[in-house]
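Here is the structure we will look at, set down as structure tokens.
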Amino acid sequence: GGGGHPPRRPGVSSGATVIRSVEELVAEHPLLSGLPVDAAPLVAGCARLERFEPGQLLLREGEEADTFYLVRQGTVRIEVHTPGRSPLVIETVGPGKVVGWSWLLPPLRWGFDARAAGPVAAIAVDTACLRAKAETDPAFGYALLHRLSTLLLERLQATRIRLLDL
């Protein structure tokens, strides 16, 4: 008795929805463009899929920077707290972007809050795991740091332009 349901094949669900692996989703993220071909499995080995509801925090200022996020769907507000005022949104980050840079250098604490502006789907990457892989494989570590530094510089330049507009 098969219960009337055909056996499921790995990676495929019933209906038109195809379930893709974390490695496939990581490989599609712009963070990995320009990295060596074997970067996707290394990053995916430290990653998990997460979803956030509107208003939910991904990162909290002052907490340990132990996870960064590759945004797949939705938008995330980067907020800074100022005394006596509601949080100030300094940037909105959407699909294809990275949320969380403070894990790269000591003191490894978040400098901002990151809050889901609406429903958010993201790839959460464990930073201790990723740093260990980068140290074990220096070519991967260098390529990853170079790519992250390039993205961080782009983000800083965009922030400078926004500040000039203020």
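Chains: A, B, ... in order of the structure tokens. Residues: from 1 per chain. Ligands: from 1, in order shown.
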Got a sec: who's within 10 Å of A:Thr159, counting only C-alpha atoms, leaving out chain neighbours fewer than 6 positions off, as a PyMOL selection string?
chain A and resi 90-91+153+165
Serialized selection, C-alpha atoms, as a short mmCIF file (atom, residue, chain, number, x, y, z; two decimals), in the first residue's frame:
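Below is the file that was written, result20.cif:
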data_model
loop_
_atom_site.label_atom_id
_atom_site.label_comp_id
_atom_site.auth_asym_id
_atom_site.auth_seq_id
_atom_site.Cartn_x
_atom_site.Cartn_y
_atom_site.Cartn_z
CA ILE A 90 19.86 55.14 7.33
CA GLU A 91 19.45 52.63 4.53
CA LEU A 153 33.00 50.30 -0.29
CA ASP A 165 21.54 65.04 -0.02
#
Could you pull out the strand (DSSP E) residues of chain A, going by DSSP on the backbone, and write them as an NGL selection string?
:A and (47-52 or 57-59 or 67-73 or 76-80 or 88-93 or 98-99 or 113-116 or 120-126)
Which residues, written as a PDB file with all heavy atoms, in the first residue's frame, have at least one atom at most 10 Å from A:Val22, with only C-alpha atoms counted and residues fewer than 4 positions away on the same chain left out?
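Result saved to selection35.pdb:
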ATOM      1  N   VAL A  26      22.518  30.099  -2.496  1.00  0.00           N
ATOM      2  CA  VAL A  26      23.744  30.856  -2.209  1.00  0.00           C
ATOM      3  C   VAL A  26      24.474  31.167  -3.514  1.00  0.00           C
ATOM      4  O   VAL A  26      24.920  32.293  -3.733  1.00  0.00           O
ATOM      5  CB  VAL A  26      24.658  30.068  -1.236  1.00  0.00           C
ATOM      6  CG1 VAL A  26      26.065  30.652  -1.200  1.00  0.00           C
ATOM      7  CG2 VAL A  26      24.063  30.055   0.170  1.00  0.00           C
ATOM      8  N   ALA A  27      24.568  30.176  -4.396  1.00  0.00           N
ATOM      9  CA  ALA A  27      25.293  30.358  -5.664  1.00  0.00           C
ATOM     10  C   ALA A  27      24.662  31.448  -6.527  1.00  0.00           C
ATOM     11  O   ALA A  27      25.360  32.106  -7.295  1.00  0.00           O
ATOM     12  CB  ALA A  27      25.341  29.038  -6.435  1.00  0.00           C
ATOM     13  N   GLU A  28      23.343  31.663  -6.392  1.00  0.00           N
ATOM     14  CA  GLU A  28      22.652  32.680  -7.183  1.00  0.00           C
ATOM     15  C   GLU A  28      22.820  34.088  -6.622  1.00  0.00           C
ATOM     16  O   GLU A  28      22.531  35.059  -7.310  1.00  0.00           O
ATOM     17  CB  GLU A  28      21.151  32.361  -7.234  1.00  0.00           C
ATOM     18  CG  GLU A  28      20.825  31.131  -8.024  1.00  0.00           C
ATOM     19  CD  GLU A  28      19.359  30.739  -7.903  1.00  0.00           C
ATOM     20  OE1 GLU A  28      18.583  31.467  -7.233  1.00  0.00           O
ATOM     21  OE2 GLU A  28      18.992  29.707  -8.475  1.00  0.00           O
ATOM     22  N   ALA A  40      30.511  28.547  -3.486  1.00  0.00           N
ATOM     23  CA  ALA A  40      29.117  28.297  -3.098  1.00  0.00           C
ATOM     24  C   ALA A  40      28.989  27.167  -2.069  1.00  0.00           C
ATOM     25  O   ALA A  40      28.334  27.351  -1.044  1.00  0.00           O
ATOM     26  CB  ALA A  40      28.244  28.034  -4.314  1.00  0.00           C
ATOM     27  N   PRO A  41      29.607  26.012  -2.279  1.00  0.00           N
ATOM     28  CA  PRO A  41      29.460  24.970  -1.260  1.00  0.00           C
ATOM     29  C   PRO A  41      30.111  25.348   0.074  1.00  0.00           C
ATOM     30  O   PRO A  41      29.614  24.960   1.133  1.00  0.00           O
ATOM     31  CB  PRO A  41      30.125  23.734  -1.870  1.00  0.00           C
ATOM     32  CG  PRO A  41      30.792  24.171  -3.111  1.00  0.00           C
ATOM     33  CD  PRO A  41      30.265  25.514  -3.485  1.00  0.00           C
ATOM     34  N   VAL A  43      30.312  28.449   1.396  1.00  0.00           N
ATOM     35  CA  VAL A  43      29.390  29.370   2.064  1.00  0.00           C
ATOM     36  C   VAL A  43      28.129  28.627   2.487  1.00  0.00           C
ATOM     37  O   VAL A  43      27.650  28.777   3.607  1.00  0.00           O
ATOM     38  CB  VAL A  43      29.051  30.579   1.161  1.00  0.00           C
ATOM     39  CG1 VAL A  43      27.996  31.460   1.806  1.00  0.00           C
ATOM     40  CG2 VAL A  43      30.315  31.396   0.858  1.00  0.00           C
ATOM     41  N   ALA A  44      27.593  27.790   1.599  1.00  0.00           N
ATOM     42  CA  ALA A  44      26.356  27.057   1.902  1.00  0.00           C
ATOM     43  C   ALA A  44      26.521  26.154   3.110  1.00  0.00           C
ATOM     44  O   ALA A  44      25.568  25.947   3.869  1.00  0.00           O
ATOM     45  CB  ALA A  44      25.915  26.256   0.688  1.00  0.00           C
ATOM     46  N   GLY A  45      27.722  25.631   3.331  1.00  0.00           N
ATOM     47  CA  GLY A  45      27.975  24.777   4.489  1.00  0.00           C
ATOM     48  C   GLY A  45      27.827  25.511   5.810  1.00  0.00           C
ATOM     49  O   GLY A  45      27.711  24.881   6.866  1.00  0.00           O
ATOM     50  N   CYS A  46      27.815  26.834   5.755  1.00  0.00           N
ATOM     51  CA  CYS A  46      27.661  27.663   6.958  1.00  0.00           C
ATOM     52  C   CYS A  46      26.300  28.357   6.977  1.00  0.00           C
ATOM     53  O   CYS A  46      26.073  29.252   7.801  1.00  0.00           O
ATOM     54  CB  CYS A  46      28.756  28.735   6.997  1.00  0.00           C
ATOM     55  SG  CYS A  46      30.426  28.088   7.094  1.00  0.00           S
ATOM     56  N   ALA A  47      25.404  27.991   6.051  1.00  0.00           N
ATOM     57  CA  ALA A  47      24.196  28.783   5.847  1.00  0.00           C
ATOM     58  C   ALA A  47      22.921  27.999   6.150  1.00  0.00           C
ATOM     59  O   ALA A  47      22.899  26.766   6.118  1.00  0.00           O
ATOM     60  CB  ALA A  47      24.157  29.283   4.402  1.00  0.00           C
ATOM     61  N   ARG A  48      21.872  28.772   6.412  1.00  0.00           N
ATOM     62  CA  ARG A  48      20.526  28.231   6.589  1.00  0.00           C
ATOM     63  C   ARG A  48      19.540  29.263   6.043  1.00  0.00           C
ATOM     64  O   ARG A  48      19.850  30.448   5.990  1.00  0.00           O
ATOM     65  CB  ARG A  48      20.235  27.910   8.054  1.00  0.00           C
ATOM     66  CG  ARG A  48      20.206  29.140   8.941  1.00  0.00           C
ATOM     67  CD  ARG A  48      20.153  28.802  10.433  1.00  0.00           C
ATOM     68  NE  ARG A  48      20.103  30.017  11.225  1.00  0.00           N
ATOM     69  CZ  ARG A  48      21.146  30.783  11.532  1.00  0.00           C
ATOM     70  NH1 ARG A  48      22.355  30.463  11.119  1.00  0.00           N
ATOM     71  NH2 ARG A  48      20.994  31.874  12.264  1.00  0.00           N
ATOM     72  N   LEU A  49      18.359  28.814   5.666  1.00  0.00           N
ATOM     73  CA  LEU A  49      17.328  29.718   5.170  1.00  0.00           C
ATOM     74  C   LEU A  49      16.500  30.226   6.346  1.00  0.00           C
ATOM     75  O   LEU A  49      16.178  29.461   7.255  1.00  0.00           O
ATOM     76  CB  LEU A  49      16.425  29.003   4.167  1.00  0.00           C
ATOM     77  CG  LEU A  49      17.129  28.428   2.940  1.00  0.00           C
ATOM     78  CD1 LEU A  49      16.124  27.740   2.033  1.00  0.00           C
ATOM     79  CD2 LEU A  49      17.874  29.506   2.190  1.00  0.00           C
ATOM     80  N   ILE A 123      19.194  34.272   3.454  1.00  0.00           N
ATOM     81  CA  ILE A 123      20.124  33.199   3.764  1.00  0.00           C
ATOM     82  C   ILE A 123      20.972  33.703   4.927  1.00  0.00           C
ATOM     83  O   ILE A 123      21.666  34.712   4.798  1.00  0.00           O
ATOM     84  CB  ILE A 123      21.012  32.870   2.550  1.00  0.00           C
ATOM     85  CG1 ILE A 123      20.151  32.438   1.360  1.00  0.00           C
ATOM     86  CG2 ILE A 123      22.038  31.803   2.922  1.00  0.00           C
ATOM     87  CD1 ILE A 123      20.886  32.430   0.035  1.00  0.00           C
TER      88      ILE A 123
END
Using only C-alpha atoms, which protein or nucleic acid residues come within 6 Å of stretch 115-121 of chain A? Drop anything in the same chain fewer than 2 positions from it, and give the result as a VMD selection string.
chain A and resid 50 to 58 72 to 77
For the residues selected in the previous step, produce a file with C-alpha atoms as a compact mmCIF listing (two decimals), in the first residue's frame.
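Result went into again_22.txt, see below:
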# COMPACT_ATOMS: atom_id res chain seq x y z
CA GLU A 50 15.35 32.10 7.37
CA ARG A 51 12.17 34.15 7.09
CA PHE A 52 11.30 37.30 9.02
CA GLU A 53 7.94 38.92 9.65
CA PRO A 54 7.44 42.69 9.19
CA GLY A 55 9.08 44.56 12.07
CA GLN A 56 11.18 41.59 13.22
CA LEU A 57 14.85 42.28 13.95
CA LEU A 58 17.54 40.46 12.01
CA ARG A 72 16.63 36.97 -1.19
CA GLN A 73 13.21 38.62 -0.98
CA GLY A 74 11.82 41.69 0.74
CA THR A 75 13.55 44.72 2.23
CA VAL A 76 15.46 45.33 5.43
CA ARG A 77 15.79 48.73 7.13
Could you give me, as a VMD selection string, the residues within 6 Å of A:Ala65, counting only C-alpha atoms and dropping anything in the same chain fewer than 4 positions from it?
chain A and resid 103 108 to 110
Taking 4 positions as the minimum chain separation for residues in the same chain, which residues sit within 8 Å of stretch 130-141 of chain A when counting only C-alpha atoms? Answer as number ranges by chain.
A: 35-36, 39, 42-43, 46, 125-126, 145
May I have the residues from that selection written out with all heavy atoms, as a compact mmCIF listing (two decimals), in the first residue's frame?
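The resulting selection.txt:
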# COMPACT_ATOMS: atom_id res chain seq x y z
N LEU A 35 33.65 35.13 -7.40
CA LEU A 35 34.40 34.25 -6.51
C LEU A 35 34.70 32.93 -7.22
O LEU A 35 34.04 32.58 -8.18
CB LEU A 35 33.60 33.98 -5.23
CG LEU A 35 33.46 35.15 -4.26
CD1 LEU A 35 32.70 34.71 -3.02
CD2 LEU A 35 34.80 35.72 -3.86
N PRO A 36 35.67 32.18 -6.71
CA PRO A 36 35.97 30.87 -7.32
C PRO A 36 34.73 29.99 -7.35
O PRO A 36 33.84 30.12 -6.52
CB PRO A 36 37.04 30.27 -6.40
CG PRO A 36 37.62 31.43 -5.66
CD PRO A 36 36.54 32.47 -5.57
N ALA A 39 33.23 28.33 -4.20
CA ALA A 39 32.83 29.18 -3.07
C ALA A 39 31.42 28.86 -2.58
O ALA A 39 31.16 28.89 -1.38
CB ALA A 39 32.93 30.66 -3.45
N LEU A 42 31.19 26.12 0.03
CA LEU A 42 31.83 26.54 1.28
C LEU A 42 30.91 27.47 2.08
O LEU A 42 30.73 27.30 3.28
CB LEU A 42 33.17 27.24 0.99
CG LEU A 42 34.28 26.33 0.48
CD1 LEU A 42 35.50 27.15 0.06
CD2 LEU A 42 34.68 25.30 1.54
N VAL A 43 30.31 28.45 1.40
CA VAL A 43 29.39 29.37 2.06
C VAL A 43 28.13 28.63 2.49
O VAL A 43 27.65 28.78 3.61
CB VAL A 43 29.05 30.58 1.16
CG1 VAL A 43 28.00 31.46 1.81
CG2 VAL A 43 30.31 31.40 0.86
N CYS A 46 27.81 26.83 5.76
CA CYS A 46 27.66 27.66 6.96
C CYS A 46 26.30 28.36 6.98
O CYS A 46 26.07 29.25 7.80
CB CYS A 46 28.76 28.74 7.00
SG CYS A 46 30.43 28.09 7.09
N VAL A 125 24.09 33.34 7.34
CA VAL A 125 25.40 32.72 7.27
C VAL A 125 26.08 32.84 8.64
O VAL A 125 26.25 33.95 9.16
CB VAL A 125 26.28 33.37 6.18
CG1 VAL A 125 27.64 32.68 6.10
CG2 VAL A 125 25.57 33.30 4.83
N ASP A 126 26.45 31.71 9.21
CA ASP A 126 27.14 31.66 10.49
C ASP A 126 28.56 32.18 10.29
O ASP A 126 29.35 31.61 9.53
CB ASP A 126 27.15 30.21 10.99
CG ASP A 126 27.89 30.03 12.30
OD1 ASP A 126 29.10 30.36 12.36
OD2 ASP A 126 27.27 29.55 13.25
N LEU A 145 36.97 38.02 1.21
CA LEU A 145 37.25 39.33 1.81
C LEU A 145 37.32 40.42 0.75
O LEU A 145 36.80 41.52 0.95
CB LEU A 145 38.55 39.29 2.63
CG LEU A 145 38.88 40.57 3.38
CD1 LEU A 145 37.77 40.94 4.37
CD2 LEU A 145 40.21 40.42 4.11
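Remark: for A:Val71, the closest of the candidate residues A:Leu152, A:Val99, A:Cys129, A:Leu164 is A:Val99 (distances computed over only C-alpha atoms).
The environment of A:Gly34 within 10 Å, counting only C-alpha atoms and disregarding residues fewer than 6 places along the same chain, consists of Ala143, Leu144, His146 and Arg147 of chain A.
Pairwise distance (atom CA of A:Gly62, atom CA of A:Lys97) equals 21.9 Å.
With only C-alpha atoms as the atoms that count, the minimum distance from A:Phe68 to the choices A:Val89, A:Leu25, A:Ala114, A:Leu151 is reached by A:Ala114.
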Extract the full set of helix (DSSP H, G or I) residues from stretch 24-149 of chain A according to DSSP on the backbone, and format it as a PyMOL selection string.
chain A and resi 24-28+30-32+39-44+127-136+138-149
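Considering the residues A:Ile161, A:Phe112, A:Thr127, A:Ala122 and counting only C-alpha atoms, A:Glu79 has its shortest atom-to-atom contact with A:Phe112.
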Could you state the separation of atom CA of A:Glu24 and atom CA of A:Ser149 in Å, given to one decimal place?
23.4 Å
